[in-house]
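Asker: Sending over target13.cif (mmCIF, C-alpha atoms).
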```cif
data_data
loop_
_atom_site.label_atom_id
_atom_site.label_comp_id
_atom_site.auth_asym_id
_atom_site.auth_seq_id
_atom_site.Cartn_x
_atom_site.Cartn_y
_atom_site.Cartn_z
CA MET A 16 72.21 -81.09 20.70
CA ALA A 17 68.43 -81.17 20.82
CA GLN A 18 68.11 -84.90 20.17
CA VAL A 19 64.38 -85.21 19.55
CA ALA A 20 64.31 -81.96 17.55
CA ARG A 21 66.97 -83.40 15.20
CA GLU A 22 65.16 -86.74 15.08
CA MET A 23 61.90 -85.06 14.03
CA VAL A 24 63.64 -83.22 11.19
CA ALA A 25 65.30 -86.40 9.94
CA LYS A 26 62.03 -88.30 10.22
CA ALA A 27 60.34 -85.65 8.07
CA GLY A 28 62.76 -86.53 5.27
CA VAL A 29 65.40 -83.82 5.58
CA ASN A 30 69.06 -84.79 5.22
CA VAL A 31 70.08 -83.16 8.52
CA ASP A 32 73.83 -83.33 7.86
CA GLN A 33 73.38 -81.48 4.56
CA LEU A 34 71.10 -78.94 6.20
CA VAL A 35 73.54 -78.30 9.04
CA GLU A 36 76.40 -77.83 6.56
CA LEU A 37 74.30 -75.31 4.65
CA LEU A 38 73.46 -73.46 7.87
CA VAL A 39 77.16 -73.30 8.81
CA LYS A 40 78.09 -72.04 5.34
CA ASN A 41 75.42 -69.36 5.54
CA ALA A 42 76.49 -68.40 9.05
CA ALA A 43 80.00 -67.98 7.61
CA ALA A 44 78.59 -65.81 4.83
CA GLU A 45 76.83 -63.59 7.39
CA LEU A 46 79.85 -63.07 9.62
CA THR A 47 82.27 -62.50 6.76
CA THR A 48 79.81 -60.12 5.13
CA PHE A 49 79.60 -58.21 8.42
CA TYR A 50 83.39 -57.88 8.25
CA TYR A 51 83.58 -56.89 4.56
CA TYR A 52 80.64 -54.49 4.90
CA THR A 53 82.55 -52.72 7.66
CA ILE A 54 85.25 -51.91 5.11
CA LEU A 55 82.72 -50.96 2.44
CA ARG A 56 80.84 -48.71 4.85
CA VAL A 57 83.89 -46.72 5.91
CA ASN A 58 84.71 -46.17 2.24
CA LEU A 59 81.27 -44.83 1.42
CA ILE A 60 82.25 -41.18 1.46
CA GLY A 61 81.60 -38.07 -0.57
CA LEU A 62 78.31 -36.80 -1.94
CA GLN A 63 77.31 -40.17 -3.40
CA GLY A 64 78.74 -42.43 -0.74
CA GLU A 65 77.30 -40.69 2.29
CA GLY A 66 73.76 -41.24 0.98
CA ILE A 67 74.28 -45.01 0.94
CA LYS A 68 76.15 -45.27 4.22
CA GLU A 69 73.04 -45.58 6.38
CA ILE A 70 71.54 -48.59 4.58
CA ALA A 71 74.96 -50.21 4.30
CA GLU A 72 75.28 -49.86 8.07
CA THR A 73 71.79 -51.32 8.65
CA ALA A 74 72.56 -54.26 6.35
CA ARG A 75 75.90 -54.77 8.13
CA ILE A 76 74.31 -54.93 11.58
CA GLU A 77 71.46 -57.16 10.39
CA ASP A 78 73.90 -59.59 8.76
CA ARG A 79 75.68 -59.89 12.10
CA ASN A 80 72.28 -60.50 13.70
CA HIS A 81 71.64 -63.28 11.18
CA PHE A 82 74.87 -64.94 12.25
CA GLU A 83 73.82 -64.70 15.91
CA ALA A 84 70.39 -66.14 15.12
CA LEU A 85 71.76 -69.06 13.07
CA VAL A 86 74.27 -70.33 15.62
CA PRO A 87 71.79 -71.80 18.15
CA ARG A 88 69.97 -73.74 15.41
CA ILE A 89 73.27 -75.20 14.14
CA TYR A 90 74.06 -76.59 17.60
CA GLU A 91 70.48 -77.74 18.21
CA LEU A 92 70.76 -79.88 15.09
CA GLY A 93 74.06 -81.38 16.22
CA GLY A 94 76.35 -79.16 14.16
CA GLU A 95 79.19 -76.89 15.24
CA LEU A 96 81.22 -73.95 14.02
CA PRO A 97 84.77 -74.66 12.84
CA ALA A 98 87.41 -73.93 15.48
CA ASP A 99 89.52 -72.09 12.91
CA MET A 100 88.32 -68.69 11.71
CA LYS A 101 90.10 -68.99 8.35
CA THR A 102 88.37 -72.30 7.67
CA PHE A 103 85.08 -70.62 8.53
CA HIS A 104 85.77 -67.73 6.15
CA ASP A 105 86.74 -70.02 3.28
CA MET A 106 83.63 -72.20 3.55
CA SER A 107 81.25 -69.24 3.18
CA ALA A 108 78.13 -69.80 1.07
CA CYS A 109 78.86 -66.51 -0.71
CA PRO A 110 82.03 -65.01 -2.19
CA PRO A 111 83.87 -62.29 -0.22
CA ALA A 112 82.25 -58.86 -0.57
CA SER A 113 85.64 -57.29 -1.18
CA LEU A 114 86.32 -53.59 -1.61
CA PRO A 115 86.56 -52.76 -5.35
CA LYS A 116 89.94 -51.76 -6.78
CA ASP A 117 88.78 -48.15 -6.90
CA PRO A 118 87.13 -47.52 -3.51
CA ARG A 119 85.86 -44.13 -4.72
CA ASP A 120 83.74 -45.79 -7.39
CA VAL A 121 80.44 -45.85 -5.48
CA GLU A 122 78.61 -47.72 -8.23
CA SER A 123 81.14 -50.56 -8.01
CA LEU A 124 80.63 -50.65 -4.24
CA LEU A 125 76.89 -50.88 -4.79
CA HIS A 126 77.37 -53.82 -7.17
CA VAL A 127 79.42 -55.61 -4.49
CA LEU A 128 76.65 -54.97 -1.95
CA VAL A 129 73.78 -56.04 -4.19
CA ASP A 130 75.64 -59.17 -5.36
CA ALA A 131 76.20 -60.20 -1.74
CA GLU A 132 72.53 -59.71 -0.92
CA ARG A 133 71.43 -61.65 -4.01
CA CYS A 134 73.64 -64.54 -3.02
CA ALA A 135 72.02 -64.51 0.44
CA VAL A 136 68.50 -64.37 -1.02
CA ARG A 137 69.28 -67.45 -3.13
CA GLY A 138 70.79 -69.27 -0.16
CA TYR A 139 67.87 -68.75 2.22
CA SER A 140 65.35 -69.50 -0.53
CA GLN A 141 67.12 -72.84 -0.91
CA ILE A 142 66.95 -73.53 2.83
CA CYS A 143 63.26 -72.57 2.94
CA THR A 144 62.55 -74.97 0.08
CA MET A 145 64.45 -77.77 1.83
CA THR A 146 62.68 -77.29 5.15
CA ALA A 147 59.14 -76.17 4.24
CA GLY A 148 56.61 -78.38 5.98
CA LYS A 149 59.42 -80.53 7.42
CA ASP A 150 61.64 -78.55 9.77
CA HIS A 151 59.39 -75.82 11.10
CA ARG A 152 61.94 -74.08 13.30
CA THR A 153 64.68 -73.83 10.66
CA TYR A 154 62.08 -72.76 8.10
CA ASP A 155 60.82 -70.01 10.39
CA LEU A 156 64.38 -68.78 10.97
CA ALA A 157 65.42 -68.97 7.29
CA LEU A 158 62.22 -67.17 6.26
CA ALA A 159 62.84 -64.38 8.78
CA ILE A 160 66.38 -63.91 7.46
CA LEU A 161 65.15 -64.12 3.86
CA ASN A 162 62.69 -61.28 4.55
CA GLU A 163 65.53 -59.03 5.64
CA GLU A 164 67.91 -60.07 2.85
CA ILE A 165 65.21 -59.28 0.26
CA GLU A 166 64.87 -55.80 1.73
CA HIS A 167 68.64 -55.29 1.67
CA GLU A 168 68.76 -56.33 -1.98
CA SER A 169 65.96 -53.93 -2.87
CA TRP A 170 67.63 -51.01 -1.10
CA PHE A 171 70.89 -51.39 -3.00
CA SER A 172 69.11 -52.22 -6.24
CA GLU A 173 67.14 -48.98 -5.96
CA PHE A 174 70.36 -46.98 -5.65
CA LEU A 175 71.60 -48.67 -8.83
CA GLY A 176 68.50 -47.36 -10.58
CA GLU A 177 67.09 -50.82 -11.25
CA GLY A 178 63.66 -49.75 -10.01
CA PRO A 179 61.88 -48.57 -6.87
CA SER A 180 62.41 -50.74 -3.80
CA GLY A 181 58.98 -50.09 -2.34
CA HIS A 182 60.64 -49.91 1.08
CA PHE A 183 61.57 -47.20 3.52
CA LEU A 184 64.54 -47.05 5.81
CA ARG A 185 64.24 -48.86 9.12
CA ARG A 186 62.41 -46.92 11.78
CA GLY A 187 63.85 -47.71 15.16
CA GLU A 188 65.51 -51.05 15.85
CA THR A 189 67.16 -53.28 13.28
CA SER A 190 66.11 -56.81 12.27
CA PRO A 191 62.30 -56.54 12.47
CA PHE A 192 61.96 -60.17 11.34
CA VAL A 193 64.94 -61.86 12.99
CA SER A 194 64.91 -60.13 16.37
CA LYS A 195 62.47 -62.70 17.81
CA PHE A 196 65.23 -65.30 17.52
CA MET A 197 67.64 -63.17 19.50
CA LYS A 198 65.65 -62.63 22.67
CA MET B 22 86.03 -77.30 -28.91
CA ARG B 23 86.92 -80.33 -26.79
CA ARG B 24 84.47 -83.23 -26.71
CA PHE B 25 83.80 -85.14 -23.50
CA THR B 26 82.12 -88.43 -22.81
CA SER B 27 80.20 -88.75 -19.52
CA GLU B 28 82.95 -91.05 -18.23
CA GLU B 29 85.63 -88.45 -18.98
CA LEU B 30 83.56 -85.73 -17.36
CA GLU B 31 83.33 -87.68 -14.09
CA ARG B 32 87.10 -87.34 -13.65
CA TYR B 33 86.78 -83.54 -13.48
CA ASN B 34 85.00 -83.52 -10.15
CA GLY B 35 87.14 -80.88 -8.43
CA LYS B 36 88.44 -83.34 -5.84
CA ASN B 37 92.13 -83.70 -4.93
CA GLY B 38 93.20 -80.69 -6.98
CA ARG B 39 91.49 -81.82 -10.17
CA PRO B 40 89.58 -79.22 -12.24
CA ALA B 41 85.83 -78.94 -11.72
CA TYR B 42 83.68 -79.19 -14.85
CA ILE B 43 79.91 -79.29 -15.09
CA VAL B 44 77.49 -79.72 -17.98
CA TYR B 45 74.46 -77.59 -18.75
CA ARG B 46 72.45 -78.22 -21.90
CA GLY B 47 75.29 -79.99 -23.67
CA LEU B 48 78.00 -77.44 -22.90
CA VAL B 49 80.89 -78.17 -20.53
CA TYR B 50 81.67 -75.30 -18.15
CA ASP B 51 84.90 -74.97 -16.18
CA VAL B 52 83.84 -73.85 -12.68
CA SER B 53 87.26 -74.48 -11.07
CA GLU B 54 87.91 -70.80 -10.41
CA SER B 55 84.53 -70.10 -8.85
CA PHE B 56 84.51 -69.46 -5.10
CA LEU B 57 81.13 -71.21 -5.02
CA TRP B 58 82.54 -74.47 -6.43
CA GLN B 59 85.43 -75.04 -4.04
CA GLY B 60 86.37 -78.71 -3.82
CA GLY B 61 83.96 -79.49 -6.65
CA THR B 62 80.87 -78.99 -4.51
CA HIS B 63 78.31 -76.20 -4.82
CA GLN B 64 76.11 -75.24 -1.85
CA VAL B 65 76.54 -78.71 -0.32
CA LEU B 66 74.06 -80.29 -2.73
CA HIS B 67 75.63 -80.23 -6.20
CA GLN B 68 78.71 -82.09 -7.43
CA ALA B 69 81.06 -81.29 -10.31
CA GLY B 70 81.84 -83.92 -12.93
CA ARG B 71 78.16 -84.30 -13.78
CA ASP B 72 75.43 -83.05 -16.07
CA LEU B 73 73.50 -80.59 -13.90
CA THR B 74 70.90 -79.57 -16.47
CA GLU B 75 68.01 -81.00 -14.47
CA GLU B 76 69.34 -79.78 -11.10
CA LEU B 77 69.66 -76.25 -12.43
CA GLU B 78 65.98 -76.20 -13.29
CA THR B 79 65.16 -76.27 -9.56
CA ALA B 80 68.07 -74.09 -8.40
CA PRO B 81 67.39 -70.67 -6.83
CA HIS B 82 69.14 -69.02 -9.78
CA GLY B 83 69.01 -69.15 -13.55
CA PRO B 84 71.61 -70.43 -16.03
CA ASP B 85 72.77 -66.85 -16.61
CA LEU B 86 75.15 -67.20 -13.65
CA LEU B 87 77.06 -69.79 -15.66
CA ASP B 88 78.05 -67.00 -18.05
CA ARG B 89 80.74 -66.12 -15.50
CA CYS B 90 82.48 -69.44 -16.19
CA PRO B 91 84.24 -70.40 -19.43
CA VAL B 92 82.76 -72.98 -21.77
CA ILE B 93 85.52 -75.45 -22.56
CA GLY B 94 83.77 -78.18 -24.48
CA ILE B 95 80.68 -80.13 -25.34
CA ILE B 96 79.34 -83.40 -24.00
CA LEU B 97 78.90 -86.27 -26.41
CA GLU B 98 75.46 -87.81 -26.29
CA GLN B 99 75.45 -91.42 -25.25
CA GLU B 100 74.47 -93.93 -27.92
CA LYS B 101 71.16 -95.52 -27.16
#
```
Re-express the file's structure as structure tokens.

Answerer:
Amino acid sequence: MAQVAREMVAKAGVNVDQLVELLVKNAAAELTTFYYYTILRVNLIGLQGEGIKEIAETARIEDRNHFEALVPRIYELGGELPADMKTFHDMSACPPASLPKDPRDVESLLHVLVDAERCAVRGYSQICTMTAGKDHRTYDLALAILNEEIEHESWFSEFLGEGPSGHFLRRGETSPFVSKFMK
Amino acid sequence: MRRFTSEELERYNGKNGRPAYIVYRGLVYDVSESFLWQGGTHQVLHQAGRDLTEELETAPHGPDLLDRCPVIGIILEQEK
């Protein structure tokens, strides 16, 4: 644990235990989403599915990166990951992004993907609000993840015809915002 | 539709296998089946068995998400 770092956050008025629990729940959401997106990605086939596969894969890898980036902050603040993987899964901040009953229904798959991203956007917005001006390091991390989750949401939303995303596919490496926390 | 007092509502806090009910703008919602309300707690910060009208105003989502949960009653206003 980074004792003074935790002390500074508490002194700024943040309930550190609540914050750590939220970070663990969001880390669980990221890792479980990485798992569920693996299943969604392999089922994105056919003329419609193949077009979405690339962004689903990018979102999958970036969600795993978010998990990797969150873990050090959890331990710095005195938290820990549950020893039991099932416990970790069940405490996720977002519902499972399960494969729809009809895996060939690409629109249903897209709804699962966009719902998962929207849950993440809400979660990191909440953490940013809790930490803004108080816990600079967690805020910086949550904001970086939020930037990527917003892009994921807009990609899938665009495929659902909800409106233009205003974004292009990633050029080069993944996680343009979060990668600085992984070096 | 069932009528709840605030005292009755407090019993439905989702703890120890009890159902989880919350109030928004006078309506009682059953959130027991929601993955996001396991154990009667939502995103660490919000507890079932309470009127969450004010808390929802500052939540990172609108009341439309409550449409996924059944309305099972109304809350009786306390006499002043």

Asker: Please measure the separation of CA of Tyr33 in chain B and CA of Leu37 in chain A, giving the value in Å to one decimal.

Answerer: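 A separation of 23.5 Å between them.
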
Asker: Restricting the calculation to all atoms listed in the file: of A:Pro179, A:Cys143, A:Met16, A:Leu55, which residue gets closest to Lys116 in chain A?

Answerer: A:Leu55

Asker: Can you pull out every residue within 9 Å of Gly94 in chain B, counting only C-alpha atoms, but drop anything in the same chain fewer than 4 positions away, and send it as a compact mmCIF listing (two decimals) with C-alpha atoms, in the frame of the given file?

Answerer:
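Listed below is the output, out38.txt:
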```
# COMPACT_ATOMS: atom_id res chain seq x y z
CA MET B 22 86.03 -77.30 -28.91
CA ARG B 23 86.92 -80.33 -26.79
CA ARG B 24 84.47 -83.23 -26.71
CA PHE B 25 83.80 -85.14 -23.50
CA GLY B 47 75.29 -79.99 -23.67
CA LEU B 48 78.00 -77.44 -22.90
CA VAL B 49 80.89 -78.17 -20.53
CA TYR B 50 81.67 -75.30 -18.15
CA ASP B 51 84.90 -74.97 -16.18
```

Asker: Contacts from chain A to chain B, 9 Å maximum, all atoms listed in the file: show me the residue list as a PDB file with C-alpha atoms, keeping the file's coordinate frame.

Answerer:
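iface_23.pdb, written as the output of this step:
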```pdb
ATOM      1  CA  GLN A  33      73.380 -81.480   4.560  1.00  0.00           C
ATOM      2  CA  LEU A  34      71.100 -78.940   6.200  1.00  0.00           C
ATOM      3  CA  GLU A  36      76.400 -77.830   6.560  1.00  0.00           C
ATOM      4  CA  LEU A  37      74.300 -75.310   4.650  1.00  0.00           C
ATOM      5  CA  LYS A  40      78.090 -72.040   5.340  1.00  0.00           C
ATOM      6  CA  ASP A 105      86.740 -70.020   3.280  1.00  0.00           C
ATOM      7  CA  MET A 106      83.630 -72.200   3.550  1.00  0.00           C
ATOM      8  CA  SER A 107      81.250 -69.240   3.180  1.00  0.00           C
ATOM      9  CA  ALA A 108      78.130 -69.800   1.070  1.00  0.00           C
ATOM     10  CA  CYS A 109      78.860 -66.510  -0.710  1.00  0.00           C
ATOM     11  CA  PRO A 110      82.030 -65.010  -2.190  1.00  0.00           C
ATOM     12  CA  PRO A 111      83.870 -62.290  -0.220  1.00  0.00           C
ATOM     13  CA  VAL A 136      68.500 -64.370  -1.020  1.00  0.00           C
ATOM     14  CA  ARG A 137      69.280 -67.450  -3.130  1.00  0.00           C
ATOM     15  CA  GLY A 138      70.790 -69.270  -0.160  1.00  0.00           C
ATOM     16  CA  SER A 140      65.350 -69.500  -0.530  1.00  0.00           C
ATOM     17  CA  GLN A 141      67.120 -72.840  -0.910  1.00  0.00           C
TER      18      GLN A 141
END
```

Asker: I need the residue set behind the PyMOL selection byres ((chain B and resi 40) around 8) for this file; please write it as a VMD selection string.

Answerer: chain B and resid 33 to 36 38 to 39 41 to 42 51 to 53 61

Asker: What does the PyMOL selection byres ((chain A and resi 72) around 10) select in this file, as an MDAnalysis selection string?

Answerer: chainID A and resid 49 52:53 55:57 67:71 73:78
